[in-house]
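Asker: Starting off with a structure, shown below.
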Amino acid sequence: MTRLMLVWVLVPLVAVAQEAQPEAAEAARLETKRRSFGAVVAPAAMPDGATAVAGWVGVPEVGVAYRQGIVGWELGVKARFDYLRLAVTGEAVARRQVWTSGAWAVAPELGLGLTGDTGSRYFDEKNFPGLFLRVDPGLVATWRVVETVAVVGLVEAPFDLGLNPSGTWRFKPMAGGGAEIYLGEDLSVLAVGELGVDAFKELRGVPQTRLGYGVRLGLGVRLF
């Protein structure tokens with residue numbers, strides 16, 4: 001009789017514990033997502049298992065991105081279309097958070113890909129055609145001001161080395177910042193601006209420099 005009563009007591013307790021485990025895991029996942037909100041640029045690096053997709057419009061380009069956190073790294077891909085030069089870029093990107101303190105986080109990144117430029121001079125009289133290897137080092141810094149707002153700082157230095165024709169290149173180091181705001185339902189919106197230098201050399205030309213700039217308005221969603 002005593003054993004039977006013990007079973008009656010233990011079975012409901014085990015069932016409750018089994019139900020509580022998924023709820024606790026889900027609560028922990030949601031807390032991690034809340035503390036590291038963002039999809040377009042923030043967070044500095046995606047936590048393990050987190051996934052995001054984003055898109056942006058701006059000047060001089062529009063683009064889309066996919067971000068995935070895995071074993072301490074963020075891996076992803078970006079596709080950009082510069083509608084002023086009619087140039088398309090696709091690149092794979094790796095990012096890793098190297099420093100954090102309270103609301104601050106910093107992560108360097110490196111992109112590697114290809115750029116194809118039609119050479120259109122309708123908007124840019126100094127544009128030139130070619131296929132380029134792109135190496136794109138950068139740095140992302142974030143400061144979480146409040147629960148739903150993160151200030152972001154960006155340093156980007158894409159270098160396009162001419163493959164066909166060879167001997168051409170473009171180097172556009174820029175820095176800037178803005179903010180990413182959590183809207184709810186895993187959505188966030190981004191606004192950033194950048195300034196820098198646009199240096200380039202076309203075939204049989206001499207190196208030239210001019211003002212480099214960029215403005216982006218983005219929208220992203222966290223999937224996991």
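The chains in the structure tokens are called A, B, ... from first to last as shown; in each chain the residues are counted from 1, and the ligands are counted from 1 in the order shown.
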Which residues are near Val192 of chain A? Cut-off 10 Å, only C-alpha atoms, ignore same chain within fewer than 3 positions. Put them as a list in words.

Answerer: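 Once the nearby chain positions are removed, what remains is Val41, Gly58, Val151, Val152, Gly153, Leu154, Gly176, Gly177, Gly178, Ala179, Glu180, Gly214, Val215, Arg216, Leu217 and Gly218 of chain A.
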
Asker: Excluding same-chain residues fewer than 6 positions from Met174 of chain A, what lies within 12 Å of it counting only C-alpha atoms, as an NGL selection string?

Answerer: :A and (136-139 or 153-159 or 193-199 or 211-215)

Asker: My list of candidates is A:Asp117, A:Asp48, A:Glu109, A:Glu61. Which is closest to Val135 of chain A when distances are computed with only C-alpha atoms?

Answerer: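 Among the listed residues, the smallest separation from Val135 of chain A belongs to A:Glu109.
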
Asker: Considering only helix (DSSP H, G or I) as DSSP defines it on the backbone, what residues of segment 7-212 of chain A qualify? List them as number ranges by chain.

Answerer: A: 7-35

Asker: Using N, CA and C atoms, can you write the selected residues to a file as a compact mmCIF listing (two decimals), in the first residue's frame?

Answerer:
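Written output follows (out.txt):
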```txt
# COMPACT_ATOMS: atom_id res chain seq x y z
N VAL A 7 4.07 5.87 -5.50
CA VAL A 7 3.97 6.03 -6.96
C VAL A 7 2.99 7.13 -7.32
N TRP A 8 1.84 7.14 -6.64
CA TRP A 8 0.84 8.19 -6.89
C TRP A 8 1.42 9.58 -6.65
N VAL A 9 2.31 9.71 -5.70
CA VAL A 9 2.90 11.01 -5.39
C VAL A 9 3.99 11.38 -6.39
N LEU A 10 4.84 10.39 -6.74
CA LEU A 10 6.00 10.67 -7.59
C LEU A 10 5.64 10.91 -9.04
N VAL A 11 4.67 10.18 -9.57
CA VAL A 11 4.32 10.31 -10.99
C VAL A 11 3.90 11.74 -11.34
N PRO A 12 3.00 12.38 -10.57
CA PRO A 12 2.65 13.77 -10.90
C PRO A 12 3.85 14.71 -10.79
N LEU A 13 4.74 14.46 -9.81
CA LEU A 13 5.90 15.33 -9.64
C LEU A 13 6.84 15.24 -10.83
N VAL A 14 7.05 14.02 -11.31
CA VAL A 14 7.91 13.83 -12.49
C VAL A 14 7.30 14.50 -13.71
N ALA A 15 5.99 14.37 -13.88
CA ALA A 15 5.32 15.00 -15.02
C ALA A 15 5.46 16.52 -14.97
N VAL A 16 5.31 17.09 -13.78
CA VAL A 16 5.45 18.54 -13.63
C VAL A 16 6.87 18.98 -13.95
N ALA A 17 7.86 18.19 -13.49
CA ALA A 17 9.26 18.55 -13.75
C ALA A 17 9.56 18.49 -15.24
N GLN A 18 9.01 17.47 -15.93
CA GLN A 18 9.25 17.37 -17.37
C GLN A 18 8.63 18.53 -18.13
N GLU A 19 7.47 18.99 -17.68
CA GLU A 19 6.83 20.14 -18.33
C GLU A 19 7.59 21.42 -18.04
N ALA A 20 8.19 21.51 -16.85
CA ALA A 20 8.89 22.73 -16.46
C ALA A 20 10.20 22.91 -17.22
N GLN A 21 10.85 21.78 -17.60
CA GLN A 21 12.14 21.88 -18.27
C GLN A 21 12.04 22.62 -19.61
N PRO A 22 11.12 22.25 -20.52
CA PRO A 22 11.00 23.03 -21.77
C PRO A 22 10.65 24.49 -21.53
N GLU A 23 9.81 24.75 -20.52
CA GLU A 23 9.44 26.13 -20.23
C GLU A 23 10.65 26.92 -19.76
N ALA A 24 11.50 26.29 -18.91
CA ALA A 24 12.70 26.97 -18.45
C ALA A 24 13.67 27.23 -19.60
N ALA A 25 13.81 26.23 -20.48
CA ALA A 25 14.70 26.40 -21.62
C ALA A 25 14.21 27.51 -22.54
N GLU A 26 12.90 27.56 -22.77
CA GLU A 26 12.33 28.60 -23.61
C GLU A 26 12.51 29.98 -22.98
N ALA A 27 12.33 30.06 -21.66
CA ALA A 27 12.52 31.33 -20.97
C ALA A 27 13.97 31.80 -21.08
N ALA A 28 14.92 30.86 -20.96
CA ALA A 28 16.34 31.21 -21.10
C ALA A 28 16.66 31.68 -22.51
N ARG A 29 16.06 31.00 -23.51
CA ARG A 29 16.29 31.40 -24.90
C ARG A 29 15.76 32.80 -25.17
N LEU A 30 14.57 33.09 -24.67
CA LEU A 30 13.98 34.40 -24.87
C LEU A 30 14.77 35.49 -24.17
N GLU A 31 15.31 35.17 -22.98
CA GLU A 31 16.12 36.15 -22.26
C GLU A 31 17.42 36.44 -23.01
N THR A 32 18.04 35.41 -23.57
CA THR A 32 19.25 35.60 -24.37
C THR A 32 18.96 36.46 -25.59
N LYS A 33 17.83 36.18 -26.25
CA LYS A 33 17.45 36.96 -27.43
C LYS A 33 17.18 38.42 -27.06
N ARG A 34 16.53 38.62 -25.91
CA ARG A 34 16.22 39.99 -25.48
C ARG A 34 17.50 40.77 -25.17
N ARG A 35 18.45 40.11 -24.54
CA ARG A 35 19.70 40.78 -24.16
C ARG A 35 20.60 41.03 -25.36
```

Asker: Which of these, A:Leu219, A:Val106, A:Val140, A:Leu84, has the shortest distance to Phe123 of chain A once you count only C-alpha atoms?

Answerer: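 Nearest candidate to Phe123 of chain A out of A:Leu219, A:Val106, A:Val140, A:Leu84: A:Leu84.
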
Asker: One number please: atom CA of Leu110 of chain A to atom CA of Ala39 of chain A, in Å, one decimal.

Answerer: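 Those two atoms sit 17.9 Å apart.
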
Asker: Using only C-alpha atoms, which of A:Ser36, A:Gln68, A:Ser166, A:Asn127 sits nearest Trp104 of chain A?

Answerer: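 That would be A:Ser36, the residue with the smallest distance to Trp104 of chain A.
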
Asker: Could you tell me which of A:Ala45, A:Thr142, A:Phe200, A:Phe132 comes closest to Arg95 of chain A if we count only C-alpha atoms?

Answerer: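 Of A:Ala45, A:Thr142, A:Phe200, A:Phe132, the one nearest Arg95 of chain A, counting only C-alpha atoms, is A:Ala45.
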
Asker: What gap, in Å, lies between atom CA of Gly69 of chain A and atom CA of Ala42 of chain A?

Answerer: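 Atom-to-atom, atom CA of Gly69 of chain A to atom CA of Ala42 of chain A, that is 12.5 Å.
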
Asker: Go through segment 17-131 of chain A and collect every residue that DSSP, computed from the backbone, puts in strand (DSSP E or B); the answer should be as number ranges by chain.

Answerer: A: 51-59, 61-70, 73-82, 87-95, 99-101, 104-117, 130-131

Asker: With C-alpha atoms retained, write the just-selected residues as a PDB file, in the first residue's frame.

Answerer:
```
ATOM      1  CA  THR A  51      19.919  33.318 -37.010  1.00  0.00           C
ATOM      2  CA  ALA A  52      18.890  36.575 -38.689  1.00  0.00           C
ATOM      3  CA  VAL A  53      18.051  37.887 -42.139  1.00  0.00           C
ATOM      4  CA  ALA A  54      18.090  41.567 -43.062  1.00  0.00           C
ATOM      5  CA  GLY A  55      17.777  43.971 -45.937  1.00  0.00           C
ATOM      6  CA  TRP A  56      18.576  47.643 -46.415  1.00  0.00           C
ATOM      7  CA  VAL A  57      18.127  50.540 -48.806  1.00  0.00           C
ATOM      8  CA  GLY A  58      20.316  53.591 -49.006  1.00  0.00           C
ATOM      9  CA  VAL A  59      22.854  55.541 -50.999  1.00  0.00           C
ATOM     10  CA  GLU A  61      23.505  50.746 -52.565  1.00  0.00           C
ATOM     11  CA  VAL A  62      20.813  48.311 -51.491  1.00  0.00           C
ATOM     12  CA  GLY A  63      21.497  44.885 -50.061  1.00  0.00           C
ATOM     13  CA  VAL A  64      20.495  41.779 -48.135  1.00  0.00           C
ATOM     14  CA  ALA A  65      22.326  39.707 -45.512  1.00  0.00           C
ATOM     15  CA  TYR A  66      22.107  36.382 -43.698  1.00  0.00           C
ATOM     16  CA  ARG A  67      23.729  35.960 -40.246  1.00  0.00           C
ATOM     17  CA  GLN A  68      24.305  32.779 -38.226  1.00  0.00           C
ATOM     18  CA  GLY A  69      25.938  32.335 -34.812  1.00  0.00           C
ATOM     19  CA  ILE A  70      27.943  29.124 -34.428  1.00  0.00           C
ATOM     20  CA  TRP A  73      31.655  32.882 -34.439  1.00  0.00           C
ATOM     21  CA  GLU A  74      29.182  34.662 -36.635  1.00  0.00           C
ATOM     22  CA  LEU A  75      29.165  33.451 -40.235  1.00  0.00           C
ATOM     23  CA  GLY A  76      27.071  34.936 -43.001  1.00  0.00           C
ATOM     24  CA  VAL A  77      26.711  36.181 -46.539  1.00  0.00           C
ATOM     25  CA  LYS A  78      25.916  39.586 -48.033  1.00  0.00           C
ATOM     26  CA  ALA A  79      24.738  40.671 -51.464  1.00  0.00           C
ATOM     27  CA  ARG A  80      24.947  44.336 -52.473  1.00  0.00           C
ATOM     28  CA  PHE A  81      23.827  46.289 -55.514  1.00  0.00           C
ATOM     29  CA  ASP A  82      25.368  49.712 -56.136  1.00  0.00           C
ATOM     30  CA  ALA A  87      27.880  47.079 -59.662  1.00  0.00           C
ATOM     31  CA  VAL A  88      27.012  43.839 -57.844  1.00  0.00           C
ATOM     32  CA  THR A  89      28.943  42.346 -54.905  1.00  0.00           C
ATOM     33  CA  GLY A  90      28.561  38.990 -53.180  1.00  0.00           C
ATOM     34  CA  GLU A  91      30.689  38.072 -50.186  1.00  0.00           C
ATOM     35  CA  ALA A  92      31.023  35.609 -47.321  1.00  0.00           C
ATOM     36  CA  VAL A  93      31.572  37.236 -43.929  1.00  0.00           C
ATOM     37  CA  ALA A  94      33.048  36.008 -40.633  1.00  0.00           C
ATOM     38  CA  ARG A  95      32.759  37.980 -37.388  1.00  0.00           C
ATOM     39  CA  TRP A  99      35.619  42.308 -26.119  1.00  0.00           C
ATOM     40  CA  THR A 100      32.584  43.072 -23.993  1.00  0.00           C
ATOM     41  CA  SER A 101      32.018  45.152 -20.883  1.00  0.00           C
ATOM     42  CA  TRP A 104      29.520  47.481 -24.744  1.00  0.00           C
ATOM     43  CA  ALA A 105      30.690  44.892 -27.276  1.00  0.00           C
ATOM     44  CA  VAL A 106      33.273  44.935 -30.078  1.00  0.00           C
ATOM     45  CA  ALA A 107      33.725  42.465 -32.934  1.00  0.00           C
ATOM     46  CA  PRO A 108      36.117  42.565 -35.925  1.00  0.00           C
ATOM     47  CA  GLU A 109      34.917  41.046 -39.182  1.00  0.00           C
ATOM     48  CA  LEU A 110      36.334  39.970 -42.517  1.00  0.00           C
ATOM     49  CA  GLY A 111      34.501  39.587 -45.803  1.00  0.00           C
ATOM     50  CA  LEU A 112      35.729  37.879 -48.967  1.00  0.00           C
ATOM     51  CA  GLY A 113      33.921  37.902 -52.292  1.00  0.00           C
ATOM     52  CA  LEU A 114      33.605  39.188 -55.852  1.00  0.00           C
ATOM     53  CA  THR A 115      32.426  42.470 -57.379  1.00  0.00           C
ATOM     54  CA  GLY A 116      31.273  42.904 -60.942  1.00  0.00           C
ATOM     55  CA  ASP A 117      31.074  46.485 -62.245  1.00  0.00           C
ATOM     56  CA  GLY A 130      35.782  45.041 -64.410  1.00  0.00           C
ATOM     57  CA  LEU A 131      35.645  41.930 -62.267  1.00  0.00           C
TER      58      LEU A 131
END
```

Asker: For atom CA of Leu187 of chain A and atom CA of Phe224 of chain A, quote the distance in Å rounded to one decimal.

Answerer: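 Taking atom CA of Leu187 of chain A and atom CA of Phe224 of chain A, their separation equals 11.9 Å.
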
Asker: Identify, on the basis of only C-alpha atoms, every residue whose closest approach to Leu203 of chain A does not exceed 12 Å; exclude the query and any residue fewer than 4 positions from it along the same chain; express the result as an NGL selection string.

Answerer: :A and (126-130 or 161-170 or 207)

Asker: Please write the residues from the selection above to a file, keeping N, CA and C atoms, as an mmCIF file, in the first residue's frame.

Answerer:
```
data_model
loop_
_atom_site.group_PDB
_atom_site.id
_atom_site.type_symbol
_atom_site.label_atom_id
_atom_site.label_comp_id
_atom_site.auth_asym_id
_atom_site.auth_seq_id
_atom_site.Cartn_x
_atom_site.Cartn_y
_atom_site.Cartn_z
ATOM 1 N N LYS A 126 33.467 58.748 -63.266
ATOM 2 C CA LYS A 126 34.779 58.145 -63.055
ATOM 3 C C LYS A 126 34.701 56.639 -62.812
ATOM 4 N N ASN A 127 33.555 56.065 -63.039
ATOM 5 C CA ASN A 127 33.404 54.621 -62.879
ATOM 6 C C ASN A 127 34.118 53.896 -64.003
ATOM 7 N N PHE A 128 34.525 52.643 -63.763
ATOM 8 C CA PHE A 128 35.178 51.849 -64.796
ATOM 9 C C PHE A 128 34.783 50.384 -64.629
ATOM 10 N N PRO A 129 34.723 49.616 -65.737
ATOM 11 C CA PRO A 129 34.227 48.238 -65.676
ATOM 12 C C PRO A 129 35.297 47.259 -65.215
ATOM 13 N N GLY A 130 34.840 46.089 -64.758
ATOM 14 C CA GLY A 130 35.782 45.041 -64.410
ATOM 15 C C GLY A 130 35.195 44.023 -63.453
ATOM 16 N N LEU A 161 40.294 44.389 -55.860
ATOM 17 C CA LEU A 161 41.474 44.205 -56.700
ATOM 18 C C LEU A 161 41.042 43.664 -58.054
ATOM 19 N N GLY A 162 41.431 44.375 -59.120
ATOM 20 C CA GLY A 162 40.998 44.007 -60.460
ATOM 21 C C GLY A 162 41.518 42.651 -60.908
ATOM 22 N N LEU A 163 40.611 41.780 -61.351
ATOM 23 C CA LEU A 163 40.988 40.493 -61.933
ATOM 24 C C LEU A 163 40.949 40.549 -63.449
ATOM 25 N N ASN A 164 39.981 41.260 -63.981
ATOM 26 C CA ASN A 164 39.853 41.418 -65.426
ATOM 27 C C ASN A 164 39.193 42.768 -65.727
ATOM 28 N N PRO A 165 39.987 43.780 -66.116
ATOM 29 C CA PRO A 165 41.431 43.716 -66.346
ATOM 30 C C PRO A 165 42.219 43.834 -65.039
ATOM 31 N N SER A 166 43.434 43.337 -65.026
ATOM 32 C CA SER A 166 44.304 43.472 -63.868
ATOM 33 C C SER A 166 44.933 44.869 -63.872
ATOM 34 N N GLY A 167 45.437 45.260 -62.722
ATOM 35 C CA GLY A 167 46.059 46.584 -62.628
ATOM 36 C C GLY A 167 45.106 47.666 -62.171
ATOM 37 N N THR A 168 43.832 47.323 -61.997
ATOM 38 C CA THR A 168 42.844 48.280 -61.489
ATOM 39 C C THR A 168 42.506 47.939 -60.044
ATOM 40 N N TRP A 169 42.070 48.926 -59.286
ATOM 41 C CA TRP A 169 41.674 48.677 -57.897
ATOM 42 C C TRP A 169 40.805 49.812 -57.378
ATOM 43 N N ARG A 170 40.128 49.545 -56.278
ATOM 44 C CA ARG A 170 39.328 50.548 -55.580
ATOM 45 C C ARG A 170 39.418 50.261 -54.080
ATOM 46 N N PRO A 207 46.217 56.904 -59.720
ATOM 47 C CA PRO A 207 45.345 56.842 -58.543
ATOM 48 C C PRO A 207 44.646 58.171 -58.293
#
```
